[in-house]
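As provided, start-v3.pdb (PDB, C-alpha atoms) reads as follows.
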ATOM      1  CA  MET A  23      11.432 171.348 141.051
ATOM      2  CA  ILE A  24      13.810 168.427 141.060
ATOM      3  CA  LEU A  25      16.697 170.722 141.932
ATOM      4  CA  SER A  26      14.825 172.244 144.863
ATOM      5  CA  SER A  27      13.907 168.743 146.059
ATOM      6  CA  LYS A  28      17.587 167.744 146.106
ATOM      7  CA  ALA A  29      18.487 170.966 147.891
ATOM      8  CA  HIS A  30      15.765 170.291 150.459
ATOM      9  CA  THR A  31      17.075 166.756 151.009
ATOM     10  CA  GLN A  32      20.609 168.057 151.510
ATOM     11  CA  THR A  33      19.375 170.682 153.976
ATOM     12  CA  THR A  34      17.470 168.064 155.950
ATOM     13  CA  MET A  35      20.508 165.808 156.084
ATOM     14  CA  SER A  36      22.774 168.583 157.301
ATOM     15  CA  LEU A  37      20.303 169.510 160.063
ATOM     16  CA  SER A  38      20.104 165.949 161.397
ATOM     17  CA  SER A  39      23.859 165.384 161.261
ATOM     18  CA  PRO A  40      24.846 167.858 164.065
ATOM     19  CA  VAL A  41      22.226 166.365 166.394
ATOM     20  CA  SER A  42      23.796 162.952 165.994
ATOM     21  CA  ARG A  43      27.245 164.472 166.478
ATOM     22  CA  ARG A  44      26.044 166.266 169.636
ATOM     23  CA  SER A  45      24.670 163.012 171.022
ATOM     24  CA  LYS A  46      27.995 161.291 170.425
ATOM     25  CA  MET A  47      29.895 164.164 172.038
ATOM     26  CA  TRP A  48      27.548 164.133 175.067
ATOM     27  CA  LEU A  49      27.938 160.367 175.471
ATOM     28  CA  THR A  50      31.715 160.629 175.107
ATOM     29  CA  GLY A  51      31.778 163.417 177.707
ATOM     30  CA  LEU A  52      29.673 161.360 180.107
ATOM     31  CA  LEU A  53      31.890 158.289 179.703
ATOM     32  CA  LEU A  54      35.024 160.394 180.127
ATOM     33  CA  THR A  55      33.590 161.976 183.273
ATOM     34  CA  LEU A  56      32.737 158.573 184.711
ATOM     35  CA  ALA A  57      36.195 157.268 183.844
ATOM     36  CA  LEU A  58      37.843 160.223 185.572
ATOM     37  CA  SER A  59      35.619 159.984 188.659
ATOM     38  CA  GLY A  60      38.103 158.297 190.883
ATOM     39  CA  CYS A  61      38.010 158.130 194.607
ATOM     40  CA  SER A  62      39.187 160.563 197.243
ATOM     41  CA  THR A  63      40.254 160.193 200.851
ATOM     42  CA  VAL A  64      41.031 162.882 203.417
ATOM     43  CA  THR A  65      42.745 161.673 206.597
ATOM     44  CA  ILE A  66      43.378 163.694 209.766
ATOM     45  CA  LYS A  67      45.670 162.442 212.515
ATOM     46  CA  PRO A  68      45.685 164.875 215.485
ATOM     47  CA  ASN A  69      48.823 163.254 216.942
ATOM     48  CA  ARG A  70      51.615 161.828 214.855
ATOM     49  CA  GLY A  71      51.338 158.329 216.219
ATOM     50  CA  PRO A  72      52.117 154.975 214.640
ATOM     51  CA  MET A  73      50.268 153.609 211.619
ATOM     52  CA  ILE A  74      46.825 152.295 212.614
ATOM     53  CA  GLU A  75      45.974 148.877 211.177
ATOM     54  CA  SER A  76      42.824 148.086 213.192
ATOM     55  CA  PRO A  77      39.293 148.523 211.822
ATOM     56  CA  PRO A  78      37.675 151.879 212.578
ATOM     57  CA  THR A  79      35.722 152.423 215.783
ATOM     58  CA  TYR A  80      33.050 154.264 213.779
ATOM     59  CA  GLU A  81      32.176 153.913 210.106
ATOM     60  CA  LYS A  82      29.047 155.362 208.563
ATOM     61  CA  ARG A  83      27.941 156.489 205.114
ATOM     62  CA  HIS A  84      26.580 160.025 205.131
ATOM     63  CA  HIS A  85      24.222 161.264 202.433
ATOM     64  CA  PHE A  86      24.426 164.802 201.058
ATOM     65  CA  TYR A  87      22.101 166.484 198.591
ATOM     66  CA  VAL A  88      22.085 169.578 196.359
ATOM     67  CA  PHE A  89      25.824 169.934 195.723
ATOM     68  CA  GLY A  90      26.620 168.741 199.252
ATOM     69  CA  LEU A  91      24.805 171.653 200.898
ATOM     70  CA  VAL A  92      22.129 169.529 202.602
ATOM     71  CA  GLY A  93      23.098 166.745 204.993
ATOM     72  CA  GLU A  94      24.645 166.149 208.419
ATOM     73  CA  ARG A  95      28.317 167.123 208.307
ATOM     74  CA  ARG A  96      29.374 166.411 211.881
ATOM     75  CA  VAL A  97      30.414 163.304 213.766
ATOM     76  CA  ASN A  98      30.190 163.641 217.556
ATOM     77  CA  LEU A  99      33.633 162.436 218.681
ATOM     78  CA  ASP A 100      32.638 162.496 222.367
ATOM     79  CA  GLN A 101      29.841 160.063 221.624
ATOM     80  CA  VAL A 102      31.899 157.884 219.253
ATOM     81  CA  CYS A 103      35.088 157.650 221.338
ATOM     82  CA  ARG A 104      33.399 157.730 224.798
ATOM     83  CA  GLY A 105      36.187 159.556 226.587
ATOM     84  CA  ARG A 106      39.062 158.075 224.566
ATOM     85  CA  GLU A 107      41.235 160.214 222.349
ATOM     86  CA  PRO A 108      40.519 160.173 218.592
ATOM     87  CA  LEU A 109      43.606 158.779 216.846
ATOM     88  CA  LYS A 110      42.565 159.228 213.239
ATOM     89  CA  MET A 111      39.578 160.598 211.289
ATOM     90  CA  GLN A 112      38.859 159.957 207.636
ATOM     91  CA  ARG A 113      36.386 161.076 204.974
ATOM     92  CA  GLN A 114      36.233 158.804 201.952
ATOM     93  CA  SER A 115      34.472 158.887 198.597
ATOM     94  CA  THR A 116      34.732 155.663 196.608
ATOM     95  CA  PHE A 117      34.552 155.275 192.841
ATOM     96  CA  VAL A 118      30.874 154.282 193.137
ATOM     97  CA  ASP A 119      30.188 157.366 195.297
ATOM     98  CA  MET A 120      31.813 159.655 192.745
ATOM     99  CA  ALA A 121      29.993 157.951 189.856
ATOM    100  CA  LEU A 122      26.656 158.456 191.649
ATOM    101  CA  GLN A 123      27.527 162.095 192.216
ATOM    102  CA  THR A 124      28.433 162.533 188.535
ATOM    103  CA  VAL A 125      25.329 160.787 187.179
ATOM    104  CA  THR A 126      23.022 162.814 189.452
ATOM    105  CA  LEU A 127      24.858 166.051 188.575
ATOM    106  CA  SER A 128      25.798 166.521 192.276
ATOM    107  CA  LEU A 129      22.200 166.342 193.471
ATOM    108  CA  TYR A 130      23.240 163.291 195.543
ATOM    109  CA  LYS A 131      26.672 162.880 197.118
ATOM    110  CA  PRO A 132      27.412 159.921 199.412
ATOM    111  CA  VAL A 133      30.490 160.102 201.684
ATOM    112  CA  THR A 134      31.837 157.612 204.246
ATOM    113  CA  ALA A 135      33.139 158.896 207.596
ATOM    114  CA  LYS A 136      35.534 156.784 209.685
ATOM    115  CA  VAL A 137      36.969 157.391 213.163
ATOM    116  CA  TRP A 138      39.627 155.448 215.060
ATOM    117  CA  CYS A 139      39.809 155.919 218.857
TER
END
Taking this structure as input, can you express it in the form of structure tokens?
Amino acid sequence: MILSSKAHTQTTMSLSSPVSRRSKMWLTGLLLTLALSGCSTVTIKPNRGPMIESPPTYEKRHHFYVFGLVGERRVNLDQVCRGREPLKMQRQSTFVDMALQTVTLSLYKPVTAKVWC
């Protein structure tokens, strides 16, 4: 009986050990994902003009849901520029935006749109 009790104790210890190891691996994976969630910027310049240093004419944070499938994707340039030519357009995701996307498993994805006229 004493031998079976020791064997039972060893079995119980080995069952609880992988759970703890899995938790550590999951936490390490989450921290690594957050550390690697940088920022991204996509810039479009229709005409190759000079570098633009002024603040944007339009800047708004857009909210997307369910892997970015739900949300308003368009910016009405006619309404924003009011007859002027768009000089530069930009879509930007900051570190905080990417961290929010990672933590929510892409159920929420904020993006900032900017337009210079």
List every residue of segment 56-109 of chain A that has an atom at most 7 Å from any atom of segment 127-139 of chain A, giving for each one its closest atom pair and the distance in Å to one decimal, counting only C-alpha atoms, sorted by chain and then by ascending residue number, as a tab-separated table.
residue	atom	partner	partner_atom	distance
A:Pro78	CA	A:Trp138	CA	4.8
A:Thr79	CA	A:Trp138	CA	5.0
A:Tyr80	CA	A:Val137	CA	5.1
A:Glu81	CA	A:Lys136	CA	4.4
A:Lys82	CA	A:Ala135	CA	5.5
A:Arg83	CA	A:Thr134	CA	4.1
A:His84	CA	A:Val133	CA	5.2
A:His85	CA	A:Pro132	CA	4.6
A:Phe86	CA	A:Lys131	CA	4.9
A:Tyr87	CA	A:Tyr130	CA	4.6
A:Val88	CA	A:Leu129	CA	4.3
A:Phe89	CA	A:Ser128	CA	4.9
A:Gly90	CA	A:Lys131	CA	6.2
A:Cys103	CA	A:Cys139	CA	5.6
A:Arg106	CA	A:Cys139	CA	6.1
A:Glu107	CA	A:Cys139	CA	5.7
A:Pro108	CA	A:Cys139	CA	4.3
A:Leu109	CA	A:Cys139	CA	5.2
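Here atom CA of Ser62 of chain A stands at a distance of 18.1 Å from atom CA of Thr126 of chain A.
Using all atoms listed in the file, the shortest contact distance between Leu54 of chain A and any of A:Ala121, A:Val102, A:Val92, A:Ile66 is found at A:Ala121.
Here atom CA of Leu99 of chain A and atom CA of Val64 of chain A stand 17.0 Å from one another.
Atom pair atom CA of Arg95 of chain A / atom CA of Asn69 of chain A: separated by 22.6 Å.
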Missing atoms in segment 90-120 of chain A: fill them in up to N, CA and C atoms and send the result as a compact mmCIF listing (two decimals), in the coordinates of the input.
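Here's the written file rebuild25.txt:
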# COMPACT_ATOMS: atom_id res chain seq x y z
N GLY A 90 26.02 168.94 197.94
CA GLY A 90 26.62 168.74 199.25
C GLY A 90 26.21 169.77 200.29
N LEU A 91 25.24 170.61 199.97
CA LEU A 91 24.80 171.65 200.90
C LEU A 91 23.84 171.14 201.96
N VAL A 92 23.11 170.07 201.67
CA VAL A 92 22.13 169.53 202.60
C VAL A 92 22.60 168.17 203.09
N GLY A 93 22.68 168.01 204.40
CA GLY A 93 23.10 166.74 204.99
C GLY A 93 23.88 167.00 206.28
N GLU A 94 23.94 166.01 207.14
CA GLU A 94 24.64 166.15 208.42
C GLU A 94 26.14 166.02 208.20
N ARG A 95 26.88 167.06 208.55
CA ARG A 95 28.32 167.12 208.31
C ARG A 95 29.17 166.70 209.50
N ARG A 96 28.58 166.60 210.67
CA ARG A 96 29.37 166.41 211.88
C ARG A 96 29.27 164.99 212.43
N VAL A 97 30.38 164.55 213.02
CA VAL A 97 30.41 163.30 213.77
C VAL A 97 30.78 163.69 215.19
N ASN A 98 29.96 163.30 216.16
CA ASN A 98 30.19 163.64 217.56
C ASN A 98 31.27 162.72 218.12
N LEU A 99 32.50 163.24 218.22
CA LEU A 99 33.63 162.44 218.68
C LEU A 99 33.50 162.04 220.14
N ASP A 100 32.86 162.87 220.97
CA ASP A 100 32.64 162.50 222.37
C ASP A 100 31.76 161.25 222.46
N GLN A 101 30.76 161.20 221.62
CA GLN A 101 29.84 160.06 221.62
C GLN A 101 30.50 158.82 221.01
N VAL A 102 31.26 159.01 219.95
CA VAL A 102 31.90 157.88 219.25
C VAL A 102 33.03 157.29 220.08
N CYS A 103 33.90 158.13 220.62
CA CYS A 103 35.09 157.65 221.34
C CYS A 103 34.83 157.40 222.83
N ARG A 104 33.77 157.94 223.39
CA ARG A 104 33.40 157.73 224.80
C ARG A 104 34.57 157.98 225.75
N GLY A 105 35.11 159.16 225.67
CA GLY A 105 36.19 159.56 226.59
C GLY A 105 37.59 159.23 226.10
N ARG A 106 37.73 158.37 225.11
CA ARG A 106 39.06 158.07 224.57
C ARG A 106 39.46 159.15 223.56
N GLU A 107 40.72 159.22 223.29
CA GLU A 107 41.24 160.21 222.35
C GLU A 107 41.08 159.73 220.91
N PRO A 108 40.59 160.58 220.00
CA PRO A 108 40.52 160.17 218.59
C PRO A 108 41.94 160.11 218.01
N LEU A 109 42.28 158.97 217.42
CA LEU A 109 43.61 158.78 216.85
C LEU A 109 43.68 159.17 215.38
N LYS A 110 42.58 158.93 214.67
CA LYS A 110 42.56 159.23 213.24
C LYS A 110 41.12 159.41 212.80
N MET A 111 40.89 160.35 211.88
CA MET A 111 39.58 160.60 211.29
C MET A 111 39.74 160.59 209.78
N GLN A 112 38.73 160.08 209.08
CA GLN A 112 38.86 159.96 207.64
C GLN A 112 37.52 160.17 206.96
N ARG A 113 37.56 160.89 205.84
CA ARG A 113 36.39 161.08 204.97
C ARG A 113 36.75 160.45 203.65
N GLN A 114 35.89 159.56 203.15
CA GLN A 114 36.23 158.80 201.95
C GLN A 114 35.08 158.80 200.96
N SER A 115 35.43 159.03 199.70
CA SER A 115 34.47 158.89 198.60
C SER A 115 35.02 157.83 197.65
N THR A 116 34.28 156.75 197.47
CA THR A 116 34.73 155.66 196.61
C THR A 116 34.40 155.98 195.15
N PHE A 117 34.85 155.11 194.25
CA PHE A 117 34.55 155.28 192.84
C PHE A 117 33.04 155.27 192.61
N VAL A 118 32.34 154.36 193.29
CA VAL A 118 30.87 154.28 193.14
C VAL A 118 30.22 155.57 193.64
N ASP A 119 30.72 156.10 194.77
CA ASP A 119 30.19 157.37 195.30
C ASP A 119 30.36 158.49 194.28
N MET A 120 31.54 158.58 193.71
CA MET A 120 31.81 159.66 192.74
C MET A 120 31.00 159.46 191.46
